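**Student:** File name work_21.txt; file contents compact mmCIF, C-alpha atoms; full text below.
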# COMPACT_ATOMS: atom_id res chain seq x y z
CA MET A 2 12.27 131.48 -65.94
CA GLU A 3 13.37 132.33 -62.43
CA ASP A 4 10.46 133.51 -60.29
CA VAL A 5 11.24 137.20 -59.96
CA THR A 6 8.99 140.14 -59.20
CA GLU A 7 6.45 141.24 -61.77
CA GLN A 8 8.26 144.54 -62.41
CA GLN A 9 11.31 142.56 -63.57
CA HIS A 10 9.37 140.73 -66.29
CA LEU A 11 8.84 141.77 -69.88
CA LEU A 12 5.20 142.15 -70.89
CA PRO A 13 4.34 138.56 -71.97
CA ALA A 14 6.20 137.08 -69.00
CA ALA A 15 4.38 139.47 -66.65
CA VAL A 16 1.05 138.02 -67.81
CA ASP A 17 2.35 134.47 -67.29
CA HIS A 18 3.54 135.54 -63.83
CA ARG A 19 0.07 136.79 -62.90
CA ALA A 20 -1.58 133.69 -64.37
CA LYS A 21 0.63 131.58 -62.11
CA HIS A 22 0.33 133.58 -58.89
CA THR A 23 -3.13 135.18 -59.21
CA PRO A 24 -4.91 132.92 -61.72
CA GLU A 25 -8.44 134.12 -60.93
CA LYS A 26 -7.60 137.81 -60.98
CA ILE A 27 -9.65 139.65 -63.61
CA TYR A 28 -7.71 141.13 -66.52
CA ALA A 29 -10.67 142.63 -68.39
CA ALA A 30 -14.39 142.38 -69.03
CA LEU A 31 -15.02 141.48 -72.67
CA PRO A 32 -18.31 141.91 -74.55
CA LYS A 33 -20.26 138.74 -75.27
CA GLY A 34 -21.59 140.09 -78.55
CA ASP A 35 -21.95 143.13 -80.75
CA ARG A 36 -24.76 144.65 -78.69
CA LEU A 37 -24.45 146.20 -75.25
CA GLU A 38 -27.46 144.14 -74.17
CA ASP A 39 -25.44 140.96 -74.74
CA GLY A 40 -23.48 141.75 -71.60
CA PHE A 41 -19.87 141.04 -70.67
CA PHE A 42 -17.78 138.19 -69.33
CA ASP A 43 -14.74 138.38 -67.07
CA LEU A 44 -11.41 137.33 -68.55
CA THR A 45 -9.01 136.08 -65.89
CA TYR A 46 -5.25 136.23 -66.21
CA THR A 47 -5.27 132.45 -66.67
CA ALA A 48 -7.59 132.82 -69.66
CA PHE A 49 -5.61 135.81 -70.94
CA ALA A 50 -2.33 133.88 -70.82
CA ARG A 51 -3.99 130.95 -72.59
CA ALA A 52 -5.34 133.28 -75.29
CA ILE A 53 -1.87 134.78 -75.81
CA ASP A 54 -0.38 131.31 -76.22
CA ALA A 55 -3.14 130.35 -78.67
CA ALA A 56 -2.46 133.49 -80.70
CA ALA A 57 1.30 132.86 -80.59
CA TRP A 58 0.89 129.31 -81.91
CA TRP A 59 -1.46 130.63 -84.60
CA LEU A 60 1.12 133.22 -85.70
CA ASP A 61 3.73 130.48 -86.00
CA SER A 62 1.31 128.32 -87.99
CA VAL A 63 0.69 131.02 -90.63
CA LEU A 64 4.06 132.82 -90.59
CA GLY A 65 6.54 130.08 -89.78
CA ALA A 66 8.37 129.01 -86.66
CA LYS A 67 9.68 131.48 -84.10
CA SER A 68 12.80 133.30 -85.23
CA ALA A 69 15.96 133.30 -83.15
CA LYS A 70 16.68 136.88 -84.21
CA THR A 71 16.51 139.51 -81.50
CA LYS A 72 17.75 142.76 -83.08
CA PHE A 73 14.96 145.23 -83.74
CA ASP A 74 15.73 145.67 -87.45
CA GLU A 75 15.76 141.89 -87.91
CA LEU A 76 12.37 141.21 -86.33
CA ALA A 77 9.56 140.59 -88.80
CA THR A 78 6.85 143.26 -88.75
CA VAL A 79 3.23 142.10 -88.60
CA PRO A 80 0.75 144.88 -89.47
CA TYR A 81 -2.80 144.28 -88.25
CA VAL A 82 -6.08 146.09 -88.91
CA GLY A 83 -9.36 145.09 -87.30
CA PRO A 84 -12.26 146.27 -85.15
CA ASP A 85 -11.49 147.91 -81.81
CA ASP A 86 -11.51 144.73 -79.78
CA PHE A 87 -9.40 142.42 -77.63
CA ARG A 88 -7.24 141.24 -80.52
CA TYR A 89 -5.26 144.49 -80.56
CA GLY A 90 -3.93 143.86 -77.06
CA LEU A 91 -3.61 140.15 -77.68
CA PHE A 92 -1.29 140.46 -80.67
CA ILE A 93 1.15 142.72 -78.84
CA HIS A 94 1.94 139.86 -76.45
CA ALA A 95 1.71 137.10 -79.06
CA ALA A 96 4.05 138.89 -81.46
CA MET A 97 6.60 139.47 -78.72
CA LYS A 98 6.48 135.81 -77.69
CA THR A 99 7.10 134.68 -81.27
CA GLY A 100 9.97 137.09 -81.93
CA ARG A 101 8.01 139.52 -84.07
CA LYS A 102 6.79 143.09 -83.76
CA VAL A 103 3.18 144.04 -84.45
CA MET A 104 2.28 147.30 -86.19
CA TYR A 105 -1.09 149.04 -85.85
CA PRO A 106 -1.72 151.44 -88.76
CA PHE A 107 -4.80 153.64 -88.90
CA PRO A 108 -7.50 152.03 -91.07
CA ALA A 109 -8.34 155.51 -92.41
CA ASN A 110 -4.89 155.98 -93.99
CA THR A 111 -4.79 156.58 -97.71
CA PRO A 112 -3.63 153.56 -99.76
CA GLU A 113 -0.40 155.42 -100.47
CA GLY A 114 0.07 156.05 -96.75
CA LEU A 115 -0.41 152.37 -95.95
CA VAL A 116 2.07 151.40 -98.65
CA ARG A 117 4.60 153.81 -97.19
CA LEU A 118 4.19 152.22 -93.75
CA LEU A 119 4.65 148.76 -95.23
CA GLU A 120 7.81 149.88 -97.00
CA LEU A 121 9.34 151.64 -93.98
CA SER A 122 8.62 148.65 -91.73
CA ASN A 123 9.83 146.06 -94.28
CA SER A 124 6.54 144.19 -93.96
CA GLU A 125 6.12 141.00 -95.98
CA VAL A 126 2.66 140.09 -94.71
CA VAL A 127 -0.43 141.90 -93.41
CA LEU A 128 -3.18 140.69 -91.09
CA ALA A 129 -6.82 141.74 -91.02
CA SER A 130 -10.10 140.67 -89.49
CA VAL A 131 -12.70 139.42 -91.93
CA CYS A 132 -14.53 142.77 -91.82
CA HIS A 133 -11.35 144.80 -92.43
CA LYS A 134 -9.70 142.86 -95.26
CA HIS A 135 -10.87 145.53 -97.70
CA ILE A 136 -8.51 148.03 -96.03
CA TRP A 137 -5.60 146.25 -97.69
CA THR A 138 -7.15 145.85 -101.16
CA GLU A 139 -5.65 148.93 -102.82
CA PRO A 140 -2.31 148.89 -100.95
CA LEU A 141 -1.71 145.28 -101.98
CA MET A 142 -2.50 146.12 -105.59
CA LEU A 143 0.52 148.43 -105.33
CA LYS A 144 2.52 145.82 -103.35
CA PRO A 145 1.37 142.46 -104.77
CA GLU A 146 4.30 140.62 -103.21
CA ILE A 147 2.83 141.14 -99.72
CA ARG A 148 0.56 138.38 -98.44
CA LEU A 149 -2.81 139.02 -96.73
CA ILE A 150 -3.86 136.69 -93.91
CA GLU A 151 -7.31 136.69 -92.32
CA VAL A 152 -7.28 136.72 -88.51
CA PRO A 153 -9.67 134.35 -86.70
CA GLU A 154 -12.45 135.65 -84.48
CA ILE A 155 -11.80 136.20 -80.77
CA CYS A 156 -13.49 132.91 -79.85
CA GLU A 157 -10.66 131.04 -81.60
CA PHE A 158 -8.25 132.43 -79.00
CA VAL A 159 -10.44 132.87 -75.90
CA HIS A 160 -11.83 129.50 -74.87
CA ASP A 161 -11.56 126.79 -72.22
CA LYS A 162 -9.69 124.28 -74.38
CA HIS A 163 -6.19 123.13 -73.51
CA VAL A 164 -3.43 125.19 -75.12
CA GLU A 165 0.19 124.12 -74.99
CA PRO A 166 2.13 126.83 -73.13
CA TYR A 167 4.28 128.97 -75.41
CA LEU A 168 7.49 129.51 -73.48
CA TYR A 169 8.93 133.02 -73.29
CA GLU A 170 12.20 133.23 -71.40
CA ARG A 171 13.65 136.52 -72.55
CA THR A 172 14.73 138.56 -69.52
CA MET A 173 14.34 142.26 -68.85
CA ALA A 174 18.10 142.74 -69.20
CA GLU A 175 18.07 141.03 -72.59
CA GLY A 176 14.98 142.71 -73.97
CA ILE A 177 14.77 146.12 -72.31
CA ASP A 178 15.02 147.88 -75.69
CA ASP A 179 12.98 145.34 -77.67
CA ALA A 180 10.03 146.74 -79.57
CA GLN A 181 6.60 146.04 -78.12
CA MET A 182 4.73 147.42 -81.09
CA LEU A 183 4.77 149.99 -83.86
CA ILE A 184 2.20 152.74 -84.13
CA GLN A 185 2.30 155.61 -86.62
CA THR A 186 2.54 159.35 -86.92
CA SER A 187 -0.68 161.11 -87.89
CA GLY A 188 0.42 161.73 -91.47
CA THR A 189 -0.97 165.25 -91.41
CA THR A 190 1.93 166.85 -93.27
CA SER A 191 3.28 163.86 -95.22
CA HIS A 192 2.93 160.11 -95.42
CA PRO A 193 2.69 158.42 -91.99
CA LYS A 194 5.82 156.95 -90.44
CA PRO A 195 6.21 154.10 -87.93
CA ILE A 196 6.86 154.95 -84.27
CA VAL A 197 8.40 152.35 -81.98
CA LEU A 198 7.20 151.76 -78.42
CA ASN A 199 9.65 149.58 -76.51
CA ASN A 200 9.95 147.71 -73.22
CA ARG A 201 11.97 150.45 -71.55
CA TRP A 202 8.99 152.81 -71.81
CA THR A 203 6.66 150.22 -70.23
CA LYS A 204 9.10 149.41 -67.43
CA GLU A 205 9.48 153.07 -66.48
CA TYR A 206 5.71 153.54 -66.62
CA LEU A 207 5.10 150.57 -64.31
CA GLU A 208 7.70 151.87 -61.89
CA ASP A 209 5.99 155.26 -61.81
CA VAL A 210 2.62 153.60 -61.13
CA ALA A 211 4.18 151.55 -58.34
CA LEU A 212 5.45 154.73 -56.71
CA LEU A 213 1.99 156.30 -56.90
CA GLY A 214 0.29 153.25 -55.43
CA LYS A 215 -2.83 151.55 -56.74
CA ARG A 216 -4.88 153.82 -58.97
CA ASN A 217 -7.84 153.49 -61.29
CA GLY A 218 -7.70 155.30 -64.61
CA ILE A 219 -9.78 155.49 -67.73
CA ILE A 220 -9.13 156.68 -71.28
CA LEU A 221 -12.12 157.70 -73.38
CA VAL A 222 -12.55 159.13 -76.85
CA PRO A 223 -14.39 162.50 -76.86
CA ASP A 224 -17.65 161.09 -78.19
CA MET A 225 -18.01 158.57 -75.35
CA LEU A 226 -16.95 161.10 -72.73
CA ARG A 227 -19.54 163.55 -74.06
CA HIS A 228 -22.30 160.98 -73.49
CA LEU A 229 -21.07 160.12 -70.00
CA VAL A 230 -20.92 163.68 -68.70
CA ARG A 231 -24.53 164.24 -69.78
CA ASP A 232 -25.71 161.36 -67.57
CA PRO A 233 -25.82 162.19 -63.80
CA GLU A 234 -25.13 158.57 -62.76
CA ALA A 235 -22.30 158.25 -65.27
CA ARG A 236 -20.75 161.48 -64.00
CA GLN A 237 -20.67 159.99 -60.51
CA SER A 238 -18.96 156.85 -61.82
CA LEU A 239 -16.23 158.98 -63.38
CA LYS A 240 -15.30 160.14 -59.88
CA LEU A 241 -14.00 156.62 -59.21
CA TYR A 242 -11.03 157.43 -61.43
CA ASP A 243 -8.63 159.61 -59.57
CA TRP A 244 -5.67 160.56 -61.75
CA VAL A 245 -4.92 162.19 -65.08
CA GLY A 246 -1.46 162.49 -66.62
CA ASP A 247 -0.73 165.51 -68.78
CA HIS A 248 2.41 164.12 -70.50
CA GLY A 249 3.72 167.62 -71.12
CA PHE A 250 0.68 168.89 -73.03
CA TYR A 251 -0.16 172.58 -73.01
CA MET A 252 -2.14 175.12 -75.03
CA ASP A 253 -0.15 177.52 -77.21
CA TYR A 254 -1.83 180.72 -78.48
CA TYR A 255 -2.61 180.51 -82.21
CA SER A 256 -4.89 183.41 -83.21
CA ASP A 257 -8.04 185.18 -82.07
CA ASP A 258 -9.59 182.87 -79.44
CA LEU A 259 -7.87 179.75 -80.78
CA TYR A 260 -5.07 177.75 -79.15
CA GLU A 261 -3.00 174.89 -80.52
CA LEU A 262 -2.40 171.77 -78.44
CA CYS A 263 1.34 171.15 -78.09
CA THR A 264 3.50 168.80 -76.06
CA LYS A 265 7.01 169.16 -74.68
CA ARG A 266 9.48 166.32 -75.03
CA GLN A 267 9.74 164.41 -71.77
CA GLN A 268 13.08 163.44 -70.31
CA ASN A 269 14.38 160.03 -71.47
CA ASP A 270 11.53 159.64 -73.97
CA PRO A 271 12.25 156.22 -75.59
CA ARG A 272 10.04 156.66 -78.65
CA HIS A 273 11.62 157.00 -82.07
CA VAL A 274 10.33 160.50 -82.82
CA PRO A 275 12.08 163.51 -84.34
CA ALA A 276 14.56 165.18 -81.99
CA ILE A 277 12.49 168.27 -81.27
CA ASP A 278 11.70 169.88 -77.94
CA VAL A 279 8.10 170.85 -78.76
CA PHE A 280 5.68 168.90 -80.93
CA HIS A 281 2.82 170.88 -82.49
CA THR A 282 -0.25 168.67 -82.86
CA ARG A 283 -1.91 171.23 -85.18
CA ASP A 284 -5.15 170.66 -83.25
CA LEU A 285 -6.98 173.90 -82.49
CA TRP A 286 -9.07 174.53 -79.38
CA ARG A 287 -11.00 177.36 -77.76
CA ALA A 288 -11.85 177.81 -74.10
CA ALA A 289 -15.31 176.56 -73.11
CA PRO A 290 -17.47 179.55 -72.06
CA GLY A 291 -17.88 179.70 -68.30
CA ARG A 292 -15.95 176.46 -67.74
CA GLY A 293 -12.47 177.26 -66.51
CA GLY A 294 -9.95 174.64 -67.56
CA PHE A 295 -12.28 173.06 -70.15
CA TRP A 296 -11.65 173.30 -73.89
CA MET A 297 -13.74 172.79 -77.02
CA ASN A 298 -12.21 171.38 -80.17
CA ALA A 299 -12.16 173.94 -82.99
CA GLY A 300 -10.68 171.99 -85.89
CA ARG A 301 -7.13 171.73 -87.18
CA VAL A 302 -4.48 173.95 -88.59
CA ASP A 303 -4.32 171.81 -91.71
CA ASP A 304 -6.87 169.80 -93.62
CA PHE A 305 -6.63 166.52 -91.72
CA VAL A 306 -10.06 165.79 -90.24
CA LYS A 307 -10.43 164.15 -86.81
CA LEU A 308 -13.85 162.83 -85.87
CA SER A 309 -15.19 162.60 -82.31
CA THR A 310 -14.55 158.84 -82.45
CA MET A 311 -10.82 159.67 -82.81
CA THR A 312 -10.84 158.44 -86.42
CA LYS A 313 -8.58 160.56 -88.62
CA PHE A 314 -8.53 160.84 -92.38
CA ASN A 315 -6.92 162.97 -95.05
CA ALA A 316 -9.72 165.16 -96.40
CA ILE A 317 -7.57 166.61 -99.20
CA ALA A 318 -6.95 163.19 -100.75
CA ILE A 319 -10.68 162.41 -100.80
CA GLU A 320 -11.56 165.85 -102.15
CA GLN A 321 -9.16 165.33 -105.04
CA ILE A 322 -10.82 162.01 -105.90
CA VAL A 323 -14.31 163.55 -105.82
CA GLU A 324 -13.25 166.59 -107.84
CA ALA A 325 -11.80 164.32 -110.52
CA ASN A 326 -15.40 163.52 -111.49
CA PRO A 327 -16.46 165.83 -114.37
CA ILE A 328 -19.83 166.60 -112.77
CA VAL A 329 -18.11 168.15 -109.72
CA ALA A 330 -16.66 171.65 -109.79
CA LYS A 331 -15.46 171.90 -106.18
CA CYS A 332 -16.03 170.12 -102.89
CA VAL A 333 -15.15 170.52 -99.23
CA ILE A 334 -14.98 167.73 -96.65
CA ALA A 335 -15.17 168.51 -92.94
CA GLY A 336 -16.32 166.97 -89.69
CA ASP A 337 -13.91 167.81 -86.89
CA SER A 338 -15.34 166.62 -83.54
CA ARG A 339 -18.42 165.14 -85.20
CA LYS A 340 -19.44 161.50 -85.32
CA LYS A 341 -19.43 161.48 -89.11
CA ALA A 342 -17.76 163.58 -91.76
CA PHE A 343 -19.77 165.57 -94.29
CA ILE A 344 -19.14 166.88 -97.78
CA LEU A 345 -20.32 170.01 -99.58
CA VAL A 346 -20.33 169.67 -103.37
CA GLU A 347 -20.56 172.39 -106.01
CA PRO A 348 -21.84 170.85 -109.26
CA SER A 349 -20.19 171.70 -112.54
CA PRO A 350 -22.08 174.29 -114.61
Is it possible to give me this structure as structure tokens?
**Tutor:**
Amino acid sequence: MEDVTEQQHLLPAAVDHRAKHTPEKIYAALPKGDRLEDGFFDLTYTAFARAIDAAAWWLDSVLGAKSAKTKFDELATVPYVGPDDFRYGLFIHAAMKTGRKVMYPFPANTPEGLVRLLELSNSEVVLASVCHKHIWTEPLMLKPEIRLIEVPEICEFVHDKHVEPYLYERTMAEGIDDAQMLIQTSGTTSHPKPIVLNNRWTKEYLEDVALLGKRNGIILVPDMLRHLVRDPEARQSLKLYDWVGDHGFYMDYYSDDLYELCTKRQQNDPRHVPAIDVFHTRDLWRAAPGRGGFWMNAGRVDDFVKLSTMTKFNAIAIEQIVEANPIVAKCVIAGDSRKKAFILVEPSP
């Protein structure tokens, strides 16, 4: 591919560009093991590009050779569920290189919700890490024609061995509206639906960042942020990050001292979402006492529980399963903003 500026590359080509021009630049620090005490190692862009190529060749080996199809509806969908690790980012690039689109459903979806996502995305195969294969057990009982493939551990992709480069020559002009990945709606009011994030969104984001100059940012789930703000040294480290984007979010009065988090549609929003001007998240908040501008989570309008780890699950579906047991009269599941959910059970008389 012609050596153009990084902003003119699609995502996989941008990584190859950095691997070529700044090979020792650090992409990320990855954990060496499951424990924090194991430490971290730096992953350079050279190693990142090599890992992407290794993952791309692996996808071809288990799914077949790269397709020449380019239209969004013709690209094969590859759903993946696994632990929150490097493979999530890796498969976005690898799928794009191999002419596929990866989908990341919530592991906490109901089996029916997962089946609906598979149907809407025309998926013929699903991927899972060894510790998450059970997520697909019930959905694949309902869709036995779909094949389950176990994904190798990270070390099978991140290593110092030689990997044949996997060429990716699609230009920005050709692939500006190509899908990068599929995520999903929350499924709070019905079965979840796929949402497409495409290259146009990423290009515009990178251009905005370029206009702002070099910035450091961080995204944390509430539980981790709660721990950091309680530590004086950690609070100081948070000051290194100097910008926060609101993306049109605002608090809309709900009742009493409760407010619902809403977001306004942004101009030229490329995501495939319903054509509405205001999206109601159905998350309820109340102002933190004595802390202007700070908010405390106060649950949801509906019965969809969101834990402090950002895990979401449909409490109603689980309650119905529990209440189907003859020894249970009624039960209630809750746990908004907590680490773990809890259940209150009323035994049958």
**Student:** Give me the residues near region 72-86 of chain A as a ChimeraX atom specification, where near means some atom within 6 Å (using only C-alpha atoms) and where sequence neighbours in that chain fewer than 3 positions away do not count.
**Tutor:** /A:101-105,124,127-130,133
**Student:** Could you pull the residues within 10 Å of Thr99 (chain A), counting only C-alpha atoms, minus those fewer than 6 positions along the same chain, as a ChimeraX atom specification?
**Tutor:** /A:54,56-58,60-61,64-69,76-77,167-169
**Student:** I need the residue nearest Ala55 (chain A) from this list: A:Met182, A:Leu143, A:Val302, A:Ala96. Use all atoms listed in the file for the distance.
**Tutor:**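 Comparing A:Met182, A:Leu143, A:Val302, A:Ala96 against Ala55 (chain A), the winner is A:Ala96.
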**Student:** Find the residues around Ile328 (chain A) up to 10 Å (only C-alpha atoms counted), leave out those fewer than 5 positions away in its own chain, and share them as a ChimeraX atom specification.
**Tutor:** /A:323,346-350
**Student:** What does the distance between CA of Thr264 (chain A) and CA of Lys194 (chain A) come to in Å, to one decimal place?
**Tutor:**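 Separation between CA of Thr264 (chain A) and CA of Lys194 (chain A): 18.8 Å.
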**Student:** Compile the contact shell of region 183-192 of chain A as number ranges by chain: residues with an atom at most 7 Å away, counting only C-alpha atoms, same-chain residues fewer than 4 positions apart removed.
**Tutor:** A: 103-106, 114, 117, 196-198, 305
**Student:** If I take CA of Val306 (chain A) and CA of Pro290 (chain A), how far is one from the other in Å, to one decimal?
**Tutor:**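 Computing the Euclidean distance for CA of Val306 (chain A) and CA of Pro290 (chain A) yields 24.0 Å.
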**Student:** List as a count of residues only the protein and nucleic acid residues near Gly300 (chain A), meaning an atom at most 7 Å away when only C-alpha atoms are counted, but skip any in the same chain fewer than 3 places from it.
**Tutor:** 3
**Student:** For CA of Ile319 (chain A) and CA of Val333 (chain A), quote the distance in Å rounded to one decimal.
**Tutor:**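 Distance between the two atoms: 9.4 Å.
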**Student:** Considering only C-alpha atoms, state which residue in the set A:Val63, A:Asn123, A:Ile177, A:Leu11 is at the smallest distance from Ile150 (chain A).
**Tutor:**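 Closest to Ile150 (chain A) of all the choices is A:Val63.
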**Student:** Just region 102-177 of chain A, please, as a CSV table (one decimal), in the first residue's frame (only C-alpha atoms).
**Tutor:**
chain,number,residue,atom,x,y,z
A,102,LYS,CA,-16.9,-8.6,11.1
A,103,VAL,CA,-16.5,-9.6,14.8
A,104,MET,CA,-19.5,-9.3,17.2
A,105,TYR,CA,-19.1,-8.9,21.0
A,106,PRO,CA,-22.3,-9.9,22.8
A,107,PHE,CA,-22.7,-9.6,26.5
A,108,PRO,CA,-21.9,-12.9,28.3
A,109,ALA,CA,-24.8,-12.2,30.7
A,110,ASN,CA,-27.4,-12.2,28.0
A,111,THR,CA,-30.2,-14.8,28.3
A,112,PRO,CA,-29.9,-17.8,26.0
A,113,GLU,CA,-32.8,-16.4,24.0
A,114,GLY,CA,-31.1,-13.1,23.7
A,115,LEU,CA,-27.9,-14.7,22.4
A,116,VAL,CA,-29.9,-16.7,19.9
A,117,ARG,CA,-31.6,-13.5,18.7
A,118,LEU,CA,-28.3,-11.9,18.2
A,119,LEU,CA,-27.0,-14.9,16.2
A,120,GLU,CA,-30.1,-14.8,14.0
A,121,LEU,CA,-30.0,-11.0,13.4
A,122,SER,CA,-26.3,-11.2,12.5
A,123,ASN,CA,-26.6,-14.3,10.3
A,124,SER,CA,-23.9,-16.0,12.4
A,125,GLU,CA,-22.8,-19.5,11.3
A,126,VAL,CA,-20.1,-19.9,13.9
A,127,VAL,CA,-19.3,-18.7,17.4
A,128,LEU,CA,-15.9,-18.3,19.2
A,129,ALA,CA,-15.2,-18.6,22.9
A,130,SER,CA,-12.2,-18.8,25.2
A,131,VAL,CA,-11.9,-22.1,27.1
A,132,CYS,CA,-13.4,-20.6,30.2
A,133,HIS,CA,-16.4,-19.1,28.4
A,134,LYS,CA,-17.5,-22.0,26.2
A,135,HIS,CA,-20.3,-22.6,28.6
A,136,ILE,CA,-21.9,-19.3,27.6
A,137,TRP,CA,-22.9,-20.9,24.2
A,138,THR,CA,-24.2,-24.2,25.6
A,139,GLU,CA,-27.9,-23.3,25.8
A,140,PRO,CA,-28.0,-21.0,22.7
A,141,LEU,CA,-26.4,-23.7,20.6
A,142,MET,CA,-28.9,-26.3,21.8
A,143,LEU,CA,-31.5,-24.0,20.2
A,144,LYS,CA,-29.3,-23.4,17.1
A,145,PRO,CA,-27.5,-26.7,16.7
A,146,GLU,CA,-26.4,-25.8,13.1
A,147,ILE,CA,-24.0,-23.2,14.5
A,148,ARG,CA,-20.4,-24.4,15.2
A,149,LEU,CA,-18.5,-23.5,18.4
A,150,ILE,CA,-14.7,-22.9,18.1
A,151,GLU,CA,-12.4,-22.6,21.0
A,152,VAL,CA,-10.0,-19.6,20.8
A,153,PRO,CA,-6.4,-20.2,21.8
A,154,GLU,CA,-4.8,-18.4,24.7
A,155,ILE,CA,-3.1,-15.0,24.2
A,156,CYS,CA,0.4,-16.6,24.1
A,157,GLU,CA,-0.6,-18.3,20.8
A,158,PHE,CA,-0.8,-14.9,19.2
A,159,VAL,CA,1.7,-12.8,21.2
A,160,HIS,CA,5.2,-14.3,20.8
A,161,ASP,CA,8.5,-13.7,19.2
A,162,LYS,CA,8.1,-16.3,16.5
A,163,HIS,CA,8.1,-15.4,12.8
A,164,VAL,CA,4.6,-14.8,11.4
A,165,GLU,CA,4.0,-14.4,7.7
A,166,PRO,CA,2.6,-10.9,7.2
A,167,TYR,CA,-1.1,-10.9,6.4
A,168,LEU,CA,-1.5,-8.2,3.7
A,169,TYR,CA,-4.3,-5.7,4.0
A,170,GLU,CA,-4.6,-3.3,1.1
A,171,ARG,CA,-8.1,-1.9,1.4
A,172,THR,CA,-8.0,1.9,1.3
A,173,MET,CA,-9.9,4.4,3.3
A,174,ALA,CA,-11.9,5.4,0.2
A,175,GLU,CA,-12.9,1.8,-0.4
A,176,GLY,CA,-13.7,0.9,3.2
A,177,ILE,CA,-14.9,4.1,4.9
